[in-house]
Each structure stands twice: as C-alpha cells, then as structure tokens.
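Student: See my_file16.cif below, with mmCIF, N, CA and C atoms.
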```
data_entry
#
loop_
_atom_site.label_atom_id
_atom_site.label_comp_id
_atom_site.auth_asym_id
_atom_site.auth_seq_id
_atom_site.Cartn_x
_atom_site.Cartn_y
_atom_site.Cartn_z
N MET A 27 -13.70 -13.12 -8.42
CA MET A 27 -14.12 -11.79 -8.04
C MET A 27 -13.51 -11.38 -6.70
N THR A 28 -13.46 -12.31 -5.75
CA THR A 28 -12.91 -12.02 -4.43
C THR A 28 -11.43 -11.67 -4.52
N LEU A 29 -10.69 -12.42 -5.34
CA LEU A 29 -9.27 -12.12 -5.50
C LEU A 29 -9.06 -10.77 -6.15
N MET A 30 -9.93 -10.39 -7.06
CA MET A 30 -9.82 -9.07 -7.70
C MET A 30 -10.08 -7.96 -6.68
N LEU A 31 -11.05 -8.17 -5.81
CA LEU A 31 -11.32 -7.19 -4.76
C LEU A 31 -10.13 -7.09 -3.80
N LEU A 32 -9.56 -8.22 -3.45
CA LEU A 32 -8.40 -8.23 -2.56
C LEU A 32 -7.22 -7.50 -3.19
N LEU A 33 -6.98 -7.78 -4.46
CA LEU A 33 -5.91 -7.08 -5.17
C LEU A 33 -6.21 -5.58 -5.26
N GLY A 34 -7.47 -5.24 -5.50
CA GLY A 34 -7.86 -3.84 -5.56
C GLY A 34 -7.62 -3.13 -4.23
N ALA A 35 -7.95 -3.78 -3.13
CA ALA A 35 -7.71 -3.20 -1.81
C ALA A 35 -6.22 -2.99 -1.59
N CYS A 36 -5.41 -3.95 -2.00
CA CYS A 36 -3.95 -3.81 -1.86
C CYS A 36 -3.42 -2.66 -2.71
N LEU A 37 -3.87 -2.58 -3.94
CA LEU A 37 -3.38 -1.52 -4.83
C LEU A 37 -3.82 -0.13 -4.36
N LEU A 38 -5.04 -0.02 -3.90
CA LEU A 38 -5.51 1.28 -3.39
C LEU A 38 -4.74 1.70 -2.14
N THR A 39 -4.48 0.75 -1.27
CA THR A 39 -3.70 1.05 -0.07
C THR A 39 -2.29 1.46 -0.44
N CYS A 40 -1.70 0.75 -1.38
CA CYS A 40 -0.35 1.08 -1.84
C CYS A 40 -0.33 2.48 -2.46
N LEU A 41 -1.30 2.78 -3.30
CA LEU A 41 -1.40 4.12 -3.90
C LEU A 41 -1.51 5.18 -2.82
N GLY A 42 -2.30 4.91 -1.80
CA GLY A 42 -2.45 5.85 -0.70
C GLY A 42 -1.14 6.09 0.02
N GLN A 43 -0.36 5.04 0.23
CA GLN A 43 0.93 5.18 0.91
C GLN A 43 1.91 5.99 0.06
N VAL A 44 1.93 5.72 -1.23
CA VAL A 44 2.82 6.45 -2.13
C VAL A 44 2.41 7.93 -2.20
N ALA A 45 1.12 8.19 -2.26
CA ALA A 45 0.64 9.58 -2.28
C ALA A 45 1.00 10.30 -0.98
N GLN A 46 0.95 9.59 0.15
CA GLN A 46 1.38 10.20 1.41
C GLN A 46 2.86 10.58 1.35
N LYS A 47 3.68 9.71 0.78
CA LYS A 47 5.10 10.00 0.66
C LYS A 47 5.32 11.24 -0.21
N PHE A 48 4.63 11.31 -1.34
CA PHE A 48 4.75 12.49 -2.20
C PHE A 48 4.25 13.74 -1.50
N ALA A 49 3.20 13.62 -0.71
CA ALA A 49 2.67 14.77 0.02
C ALA A 49 3.71 15.32 0.99
N VAL A 50 4.29 14.46 1.79
CA VAL A 50 5.26 14.96 2.77
C VAL A 50 6.54 15.44 2.10
N GLU A 51 6.90 14.84 0.97
CA GLU A 51 8.07 15.32 0.24
C GLU A 51 7.83 16.73 -0.29
N SER A 52 6.59 17.01 -0.69
CA SER A 52 6.28 18.35 -1.21
C SER A 52 6.26 19.41 -0.10
N TRP A 53 6.24 18.98 1.15
CA TRP A 53 6.20 19.91 2.27
C TRP A 53 7.60 20.28 2.76
N ARG A 54 8.64 19.67 2.20
CA ARG A 54 10.01 19.98 2.63
C ARG A 54 10.37 21.39 2.23
N GLY A 55 11.37 21.91 2.88
CA GLY A 55 11.84 23.25 2.55
C GLY A 55 11.35 24.26 3.55
N PRO A 56 11.09 25.47 3.07
CA PRO A 56 10.64 26.52 4.00
C PRO A 56 9.36 26.10 4.72
N SER A 57 9.24 26.52 5.94
CA SER A 57 8.09 26.15 6.75
C SER A 57 6.79 26.62 6.08
N LEU A 58 5.94 25.67 5.81
CA LEU A 58 4.67 25.97 5.17
C LEU A 58 3.55 25.87 6.20
N GLY A 59 2.57 26.71 6.06
CA GLY A 59 1.44 26.67 6.99
C GLY A 59 0.55 25.48 6.73
N ILE A 60 -0.30 25.21 7.69
CA ILE A 60 -1.22 24.07 7.59
C ILE A 60 -2.17 24.24 6.41
N ALA A 61 -2.57 25.47 6.12
CA ALA A 61 -3.49 25.71 5.00
C ALA A 61 -2.85 25.29 3.68
N HIS A 62 -1.57 25.57 3.51
CA HIS A 62 -0.87 25.17 2.30
C HIS A 62 -0.78 23.64 2.21
N LYS A 63 -0.49 23.01 3.33
CA LYS A 63 -0.39 21.55 3.35
C LYS A 63 -1.73 20.89 3.03
N LEU A 64 -2.81 21.49 3.50
CA LEU A 64 -4.13 20.91 3.24
C LEU A 64 -4.56 21.05 1.78
N ARG A 65 -3.89 21.91 1.04
CA ARG A 65 -4.21 22.07 -0.38
C ARG A 65 -3.40 21.13 -1.27
N SER A 66 -2.59 20.29 -0.68
CA SER A 66 -1.77 19.37 -1.45
C SER A 66 -2.63 18.33 -2.17
N PRO A 67 -2.52 18.25 -3.49
CA PRO A 67 -3.28 17.22 -4.22
C PRO A 67 -2.86 15.81 -3.81
N TRP A 68 -1.59 15.65 -3.43
CA TRP A 68 -1.11 14.34 -2.99
C TRP A 68 -1.80 13.91 -1.71
N LEU A 69 -2.02 14.85 -0.81
CA LEU A 69 -2.71 14.53 0.43
C LEU A 69 -4.13 14.05 0.14
N TRP A 70 -4.81 14.74 -0.75
CA TRP A 70 -6.20 14.38 -1.08
C TRP A 70 -6.27 13.06 -1.85
N LEU A 71 -5.28 12.81 -2.70
CA LEU A 71 -5.22 11.51 -3.38
C LEU A 71 -5.01 10.39 -2.36
N ALA A 72 -4.14 10.65 -1.37
CA ALA A 72 -3.90 9.66 -0.32
C ALA A 72 -5.18 9.36 0.45
N LEU A 73 -5.88 10.40 0.85
CA LEU A 73 -7.13 10.22 1.61
C LEU A 73 -8.18 9.47 0.78
N ALA A 74 -8.31 9.85 -0.48
CA ALA A 74 -9.30 9.19 -1.35
C ALA A 74 -8.93 7.72 -1.58
N SER A 75 -7.67 7.46 -1.84
CA SER A 75 -7.23 6.08 -2.10
C SER A 75 -7.41 5.20 -0.87
N LEU A 76 -7.00 5.71 0.27
CA LEU A 76 -7.13 4.92 1.49
C LEU A 76 -8.59 4.74 1.88
N GLY A 77 -9.40 5.77 1.67
CA GLY A 77 -10.83 5.65 1.98
C GLY A 77 -11.53 4.66 1.07
N PHE A 78 -11.26 4.74 -0.22
CA PHE A 78 -11.87 3.80 -1.16
C PHE A 78 -11.33 2.39 -0.92
N GLY A 79 -10.04 2.30 -0.58
CA GLY A 79 -9.45 1.00 -0.26
C GLY A 79 -10.13 0.36 0.94
N LEU A 80 -10.51 1.17 1.92
CA LEU A 80 -11.24 0.66 3.08
C LEU A 80 -12.58 0.08 2.66
N LEU A 81 -13.29 0.76 1.78
CA LEU A 81 -14.59 0.26 1.31
C LEU A 81 -14.44 -1.06 0.56
N VAL A 82 -13.41 -1.14 -0.27
CA VAL A 82 -13.16 -2.40 -0.99
C VAL A 82 -12.78 -3.50 -0.01
N TRP A 83 -11.99 -3.14 1.01
CA TRP A 83 -11.60 -4.10 2.04
C TRP A 83 -12.83 -4.67 2.75
N LEU A 84 -13.81 -3.84 3.02
CA LEU A 84 -15.04 -4.31 3.66
C LEU A 84 -15.75 -5.34 2.78
N LEU A 85 -15.73 -5.13 1.47
CA LEU A 85 -16.31 -6.12 0.55
C LEU A 85 -15.53 -7.44 0.61
N VAL A 86 -14.21 -7.33 0.73
CA VAL A 86 -13.38 -8.54 0.84
C VAL A 86 -13.76 -9.31 2.10
N LEU A 87 -13.92 -8.59 3.22
CA LEU A 87 -14.23 -9.25 4.48
C LEU A 87 -15.61 -9.91 4.47
N GLN A 88 -16.49 -9.46 3.60
CA GLN A 88 -17.79 -10.12 3.46
C GLN A 88 -17.64 -11.48 2.79
N ARG A 89 -16.58 -11.64 2.02
CA ARG A 89 -16.41 -12.85 1.22
C ARG A 89 -15.38 -13.83 1.75
N LEU A 90 -14.44 -13.35 2.56
CA LEU A 90 -13.37 -14.20 3.06
C LEU A 90 -13.29 -14.14 4.58
N GLU A 91 -12.78 -15.20 5.15
CA GLU A 91 -12.50 -15.20 6.58
C GLU A 91 -11.35 -14.24 6.83
N VAL A 92 -11.41 -13.51 7.93
CA VAL A 92 -10.38 -12.52 8.23
C VAL A 92 -9.01 -13.19 8.40
N GLY A 93 -8.97 -14.41 8.87
CA GLY A 93 -7.71 -15.13 9.04
C GLY A 93 -7.02 -15.44 7.72
N ILE A 94 -7.76 -15.45 6.64
CA ILE A 94 -7.19 -15.63 5.30
C ILE A 94 -6.96 -14.28 4.64
N ALA A 95 -7.94 -13.40 4.75
CA ALA A 95 -7.88 -12.11 4.05
C ALA A 95 -6.77 -11.20 4.56
N TYR A 96 -6.68 -11.06 5.87
CA TYR A 96 -5.75 -10.08 6.43
C TYR A 96 -4.29 -10.39 6.09
N PRO A 97 -3.84 -11.62 6.23
CA PRO A 97 -2.44 -11.89 5.84
C PRO A 97 -2.16 -11.59 4.36
N MET A 98 -3.19 -11.67 3.53
CA MET A 98 -3.00 -11.36 2.11
C MET A 98 -2.64 -9.89 1.90
N LEU A 99 -3.03 -9.04 2.84
CA LEU A 99 -2.66 -7.62 2.73
C LEU A 99 -1.16 -7.41 2.86
N SER A 100 -0.45 -8.44 3.28
CA SER A 100 1.00 -8.30 3.36
C SER A 100 1.62 -8.09 1.98
N LEU A 101 0.83 -8.31 0.93
CA LEU A 101 1.31 -7.97 -0.41
C LEU A 101 1.67 -6.49 -0.50
N ASN A 102 1.07 -5.68 0.36
CA ASN A 102 1.42 -4.26 0.38
C ASN A 102 2.91 -4.06 0.68
N PHE A 103 3.49 -4.88 1.55
CA PHE A 103 4.91 -4.78 1.84
C PHE A 103 5.73 -5.03 0.57
N VAL A 104 5.28 -5.98 -0.23
CA VAL A 104 5.97 -6.29 -1.48
C VAL A 104 5.84 -5.11 -2.44
N LEU A 105 4.63 -4.62 -2.62
CA LEU A 105 4.41 -3.51 -3.55
C LEU A 105 5.17 -2.26 -3.13
N ILE A 106 5.11 -1.92 -1.85
CA ILE A 106 5.80 -0.73 -1.36
C ILE A 106 7.31 -0.88 -1.49
N THR A 107 7.83 -2.08 -1.28
CA THR A 107 9.27 -2.31 -1.47
C THR A 107 9.65 -2.05 -2.92
N LEU A 108 8.85 -2.53 -3.86
CA LEU A 108 9.13 -2.29 -5.28
C LEU A 108 9.06 -0.81 -5.62
N VAL A 109 8.07 -0.12 -5.07
CA VAL A 109 7.93 1.32 -5.30
C VAL A 109 9.12 2.06 -4.70
N ALA A 110 9.51 1.69 -3.49
CA ALA A 110 10.64 2.33 -2.83
C ALA A 110 11.91 2.18 -3.66
N ARG A 111 12.10 1.00 -4.18
CA ARG A 111 13.32 0.72 -4.95
C ARG A 111 13.32 1.42 -6.30
N TYR A 112 12.22 1.30 -7.05
CA TYR A 112 12.25 1.74 -8.45
C TYR A 112 11.70 3.16 -8.66
N LEU A 113 10.83 3.63 -7.80
CA LEU A 113 10.31 4.99 -7.96
C LEU A 113 11.11 5.99 -7.12
N PHE A 114 11.37 5.63 -5.87
CA PHE A 114 12.08 6.53 -4.96
C PHE A 114 13.59 6.27 -4.92
N LYS A 115 14.04 5.25 -5.66
CA LYS A 115 15.47 4.94 -5.76
C LYS A 115 16.12 4.66 -4.41
N GLU A 116 15.36 4.05 -3.50
CA GLU A 116 15.90 3.68 -2.20
C GLU A 116 16.66 2.36 -2.33
N SER A 117 17.71 2.20 -1.54
CA SER A 117 18.45 0.94 -1.58
C SER A 117 17.73 -0.08 -0.68
N ILE A 118 17.64 -1.28 -1.17
CA ILE A 118 16.98 -2.37 -0.45
C ILE A 118 18.03 -3.46 -0.25
N ASP A 119 18.28 -3.84 1.00
CA ASP A 119 19.32 -4.84 1.25
C ASP A 119 18.80 -6.26 1.05
N THR A 120 19.73 -7.19 1.10
CA THR A 120 19.43 -8.60 0.83
C THR A 120 18.41 -9.17 1.82
N ARG A 121 18.54 -8.80 3.09
CA ARG A 121 17.59 -9.31 4.09
C ARG A 121 16.17 -8.85 3.77
N HIS A 122 16.04 -7.63 3.29
CA HIS A 122 14.72 -7.10 2.94
C HIS A 122 14.13 -7.90 1.78
N TRP A 123 14.96 -8.16 0.74
CA TRP A 123 14.48 -8.95 -0.40
C TRP A 123 14.11 -10.37 0.02
N LEU A 124 14.86 -10.93 0.97
CA LEU A 124 14.53 -12.25 1.48
C LEU A 124 13.17 -12.21 2.19
N GLY A 125 12.94 -11.18 2.97
CA GLY A 125 11.64 -11.00 3.62
C GLY A 125 10.50 -10.90 2.60
N VAL A 126 10.75 -10.17 1.51
CA VAL A 126 9.75 -10.05 0.44
C VAL A 126 9.45 -11.42 -0.16
N ALA A 127 10.50 -12.20 -0.39
CA ALA A 127 10.31 -13.55 -0.95
C ALA A 127 9.49 -14.42 -0.01
N LEU A 128 9.74 -14.32 1.29
CA LEU A 128 8.98 -15.10 2.26
C LEU A 128 7.51 -14.66 2.30
N ILE A 129 7.28 -13.37 2.18
CA ILE A 129 5.90 -12.88 2.14
C ILE A 129 5.17 -13.43 0.92
N ILE A 130 5.84 -13.39 -0.22
CA ILE A 130 5.22 -13.91 -1.45
C ILE A 130 4.92 -15.40 -1.28
N ALA A 131 5.83 -16.15 -0.70
CA ALA A 131 5.60 -17.58 -0.47
C ALA A 131 4.40 -17.78 0.45
N GLY A 132 4.29 -16.98 1.49
CA GLY A 132 3.15 -17.10 2.40
C GLY A 132 1.84 -16.77 1.73
N VAL A 133 1.84 -15.74 0.90
CA VAL A 133 0.61 -15.37 0.19
C VAL A 133 0.21 -16.48 -0.78
N VAL A 134 1.19 -17.07 -1.44
CA VAL A 134 0.88 -18.18 -2.36
C VAL A 134 0.26 -19.35 -1.58
N LEU A 135 0.83 -19.68 -0.43
CA LEU A 135 0.28 -20.76 0.39
C LEU A 135 -1.13 -20.45 0.84
N LEU A 136 -1.37 -19.23 1.30
CA LEU A 136 -2.71 -18.85 1.74
C LEU A 136 -3.69 -18.77 0.57
N GLY A 137 -3.18 -18.36 -0.57
CA GLY A 137 -4.03 -18.21 -1.76
C GLY A 137 -4.64 -19.51 -2.22
N ARG A 138 -4.07 -20.61 -1.84
CA ARG A 138 -4.63 -21.92 -2.21
C ARG A 138 -5.96 -22.19 -1.50
N HIS A 139 -6.23 -21.45 -0.43
CA HIS A 139 -7.48 -21.63 0.31
C HIS A 139 -8.60 -20.76 -0.26
N VAL A 140 -8.27 -19.82 -1.12
CA VAL A 140 -9.27 -18.88 -1.63
C VAL A 140 -9.98 -19.46 -2.82
#
```
Translate the structure described by the file into structure tokens.

Tutor:
Amino acid sequence: MTLMLLLGACLLTCLGQVAQKFAVESWRGPSLGIAHKLRSPWLWLALASLGFGLLVWLLVLQRLEVGIAYPMLSLNFVLITLVARYLFKESIDTRHWLGVALIIAGVVLLGRHV
C-alpha cells in the first residue's frame, strides 16, 4: 500500500508538471490578460494534481521515514524525462539518459528498505 501511495504521489506530481507545461504553452502568442490565463483548464488541472499529490505525499510520510521517501520522489525526474522526450519531442542527450539510469538504480537500492 505504501509503495502504491508513493507511486501515486509521483504520478500526480508528474501530471501537475505536464499540465503546467501545457498551460504556459497555451499562453504563447498575442499578449493575453491574467483573466484569460486564469481560465486555462491546464492551469486548474496542474493545481488540482499538485494539490492532491501533496495530500497523498502526506500519507506517504506517515508510513515511511523521510530519508527513504523523499529520494524516491526522484522518480519524477525519470517520468518527466520520458514525457519530455516522447510527448514534447525534446532531444535528450546521453548524459541525461545516464543520469536517469543512475536515478533508477538509486531508487531500486532504496526500495529494498521499503
């Protein structure tokens, strides 16, 4: 159950980051007023995802030591890298992929304590 909550917190945070990217992308072009920006569904999805992710994160912290739980959030770097590459078509260099591999190795090592 704890691992599911941790994964849920990561996925909600990732969704929030992606929604933020879509929100700011939708604001490009002619100067839009703040009222128009506040009506962006992407902005509200980002706020909801990040807010709900925070609540799930609090449940995780009730069950795990912060020294174990917090480094596990580095999975967000992995997820966002995959989203950047395959959804936003951003180029990812070899050093970045090596960093992702090291993060995954670290999470696997820490996951043995959960």

Student: Could you please write out, as an NGL selection string, every residue of chain A that DSSP assigns to helix (DSSP H, G or I)?

Tutor: :A and (28-52 or 60-64 or 67-89 or 92-98 or 101-112 or 120-137)

Student: Just the residues within 7 Å of segment 131-138 of chain A, please, counting only N, CA and C atoms, with nothing from its chain fewer than 6 positions along; format it as a PyMOL selection string.

Tutor: chain A and resi 94+97-98

Student: Atom CA of His62 of chain A and atom CA of Leu76 of chain A are how many Å apart?

Tutor: 21.2 Å

Student: Taking only residues of segment 36-71 of chain A that have an atom at most 12 Å from an atom of segment 110-113 of chain A, what is each one's shortest atom pair and its distance in Å to one decimal, using only C-alpha atoms, in chain and number order, as CSV?

Tutor:
```
residue,atom,partner,partner_atom,distance
A:Cys40,CA,A:Ala110,CA,11.1
A:Gln43,CA,A:Ala110,CA,10.8
A:Val44,CA,A:Ala110,CA,8.9
A:Lys47,CA,A:Ala110,CA,10.1
A:Phe48,CA,A:Leu113,CA,11.0
```

Student: Leaving out Leu37 of chain A and any residue of its chain fewer than 6 positions from it, which residues lie within 8 Å of it when counting only N, CA and C atoms, given as a CSV table (one decimal) with N, CA and C atoms, keeping the file's coordinate frame?

Tutor:
```
chain,number,residue,atom,x,y,z
A,31,LEU,N,-11.0,-8.2,-5.8
A,31,LEU,CA,-11.3,-7.2,-4.8
A,31,LEU,C,-10.1,-7.1,-3.8
A,43,GLN,N,-0.4,5.0,0.2
A,43,GLN,CA,0.9,5.2,0.9
A,43,GLN,C,1.9,6.0,0.1
A,75,SER,N,-7.7,7.5,-1.8
A,75,SER,CA,-7.2,6.1,-2.1
A,75,SER,C,-7.4,5.2,-0.9
A,79,GLY,N,-10.0,2.3,-0.6
A,79,GLY,CA,-9.4,1.0,-0.3
A,79,GLY,C,-10.1,0.4,0.9
A,101,LEU,N,0.8,-8.3,0.9
A,101,LEU,CA,1.3,-8.0,-0.4
A,101,LEU,C,1.7,-6.5,-0.5
A,102,ASN,N,1.1,-5.7,0.4
A,102,ASN,CA,1.4,-4.3,0.4
A,102,ASN,C,2.9,-4.1,0.7
```

Student: I'd like the contact shell of Val50 of chain A - 8 Å cut-off, all atoms listed in the file, skipping same-chain residues fewer than 5 positions apart - returned as a list in words.

Tutor: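 Counting all atoms listed in the file, the residues come to Val44, Ala45, Trp68 and Leu69 of chain A.
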
Student: Take the residues that were just selected and, keeping N, CA and C atoms, output them as an mmCIF file, in the coordinates of the input.

Tutor:
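Here's the written file again14.cif:
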```cif
data_model
loop_
_atom_site.group_PDB
_atom_site.id
_atom_site.type_symbol
_atom_site.label_atom_id
_atom_site.label_comp_id
_atom_site.auth_asym_id
_atom_site.auth_seq_id
_atom_site.Cartn_x
_atom_site.Cartn_y
_atom_site.Cartn_z
ATOM 1 N N VAL A 44 1.930 5.720 -1.230
ATOM 2 C CA VAL A 44 2.820 6.450 -2.130
ATOM 3 C C VAL A 44 2.410 7.930 -2.200
ATOM 4 N N ALA A 45 1.120 8.190 -2.260
ATOM 5 C CA ALA A 45 0.640 9.580 -2.280
ATOM 6 C C ALA A 45 1.000 10.300 -0.980
ATOM 7 N N TRP A 68 -1.590 15.650 -3.430
ATOM 8 C CA TRP A 68 -1.110 14.340 -2.990
ATOM 9 C C TRP A 68 -1.800 13.910 -1.710
ATOM 10 N N LEU A 69 -2.020 14.850 -0.810
ATOM 11 C CA LEU A 69 -2.710 14.530 0.430
ATOM 12 C C LEU A 69 -4.130 14.050 0.140
#
```

Student: Record the distance separating atom CA of Ser52 of chain A and atom C of Leu38 of chain A, expressed in Å with one decimal.

Tutor: 20.0 Å

Student: Looking at A:Leu85, A:Thr39, A:Glu91, A:Ile106, which one is nearest to Leu73 of chain A, with distances taken over only C-alpha atoms?

Tutor: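 Nearest to Leu73 of chain A: A:Thr39.
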
Student: Write out as a list in words each polymer residue whose atoms come within 9 Å of Leu29 of chain A, counting only C-alpha atoms; drop sequence neighbours fewer than 4 positions from it.

Tutor: Leu33, Gly34, Val86, Gly137 and Val140 of chain A

Student: Interatomic distance between atom N of Pro67 of chain A and atom C of Trp83 of chain A?

Tutor: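 According to the coordinates, atom N of Pro67 of chain A and atom C of Trp83 of chain A are separated by 25.9 Å.
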
Student: From the set A:Ala35, A:Ile118, A:Ala49, A:Leu64, which residue has the shortest atom-to-atom contact distance to Leu80 of chain A, counting all atoms listed in the file?

Tutor: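 When distances to Leu80 of chain A are compared using all atoms listed in the file, the smallest one comes from A:Ala35.
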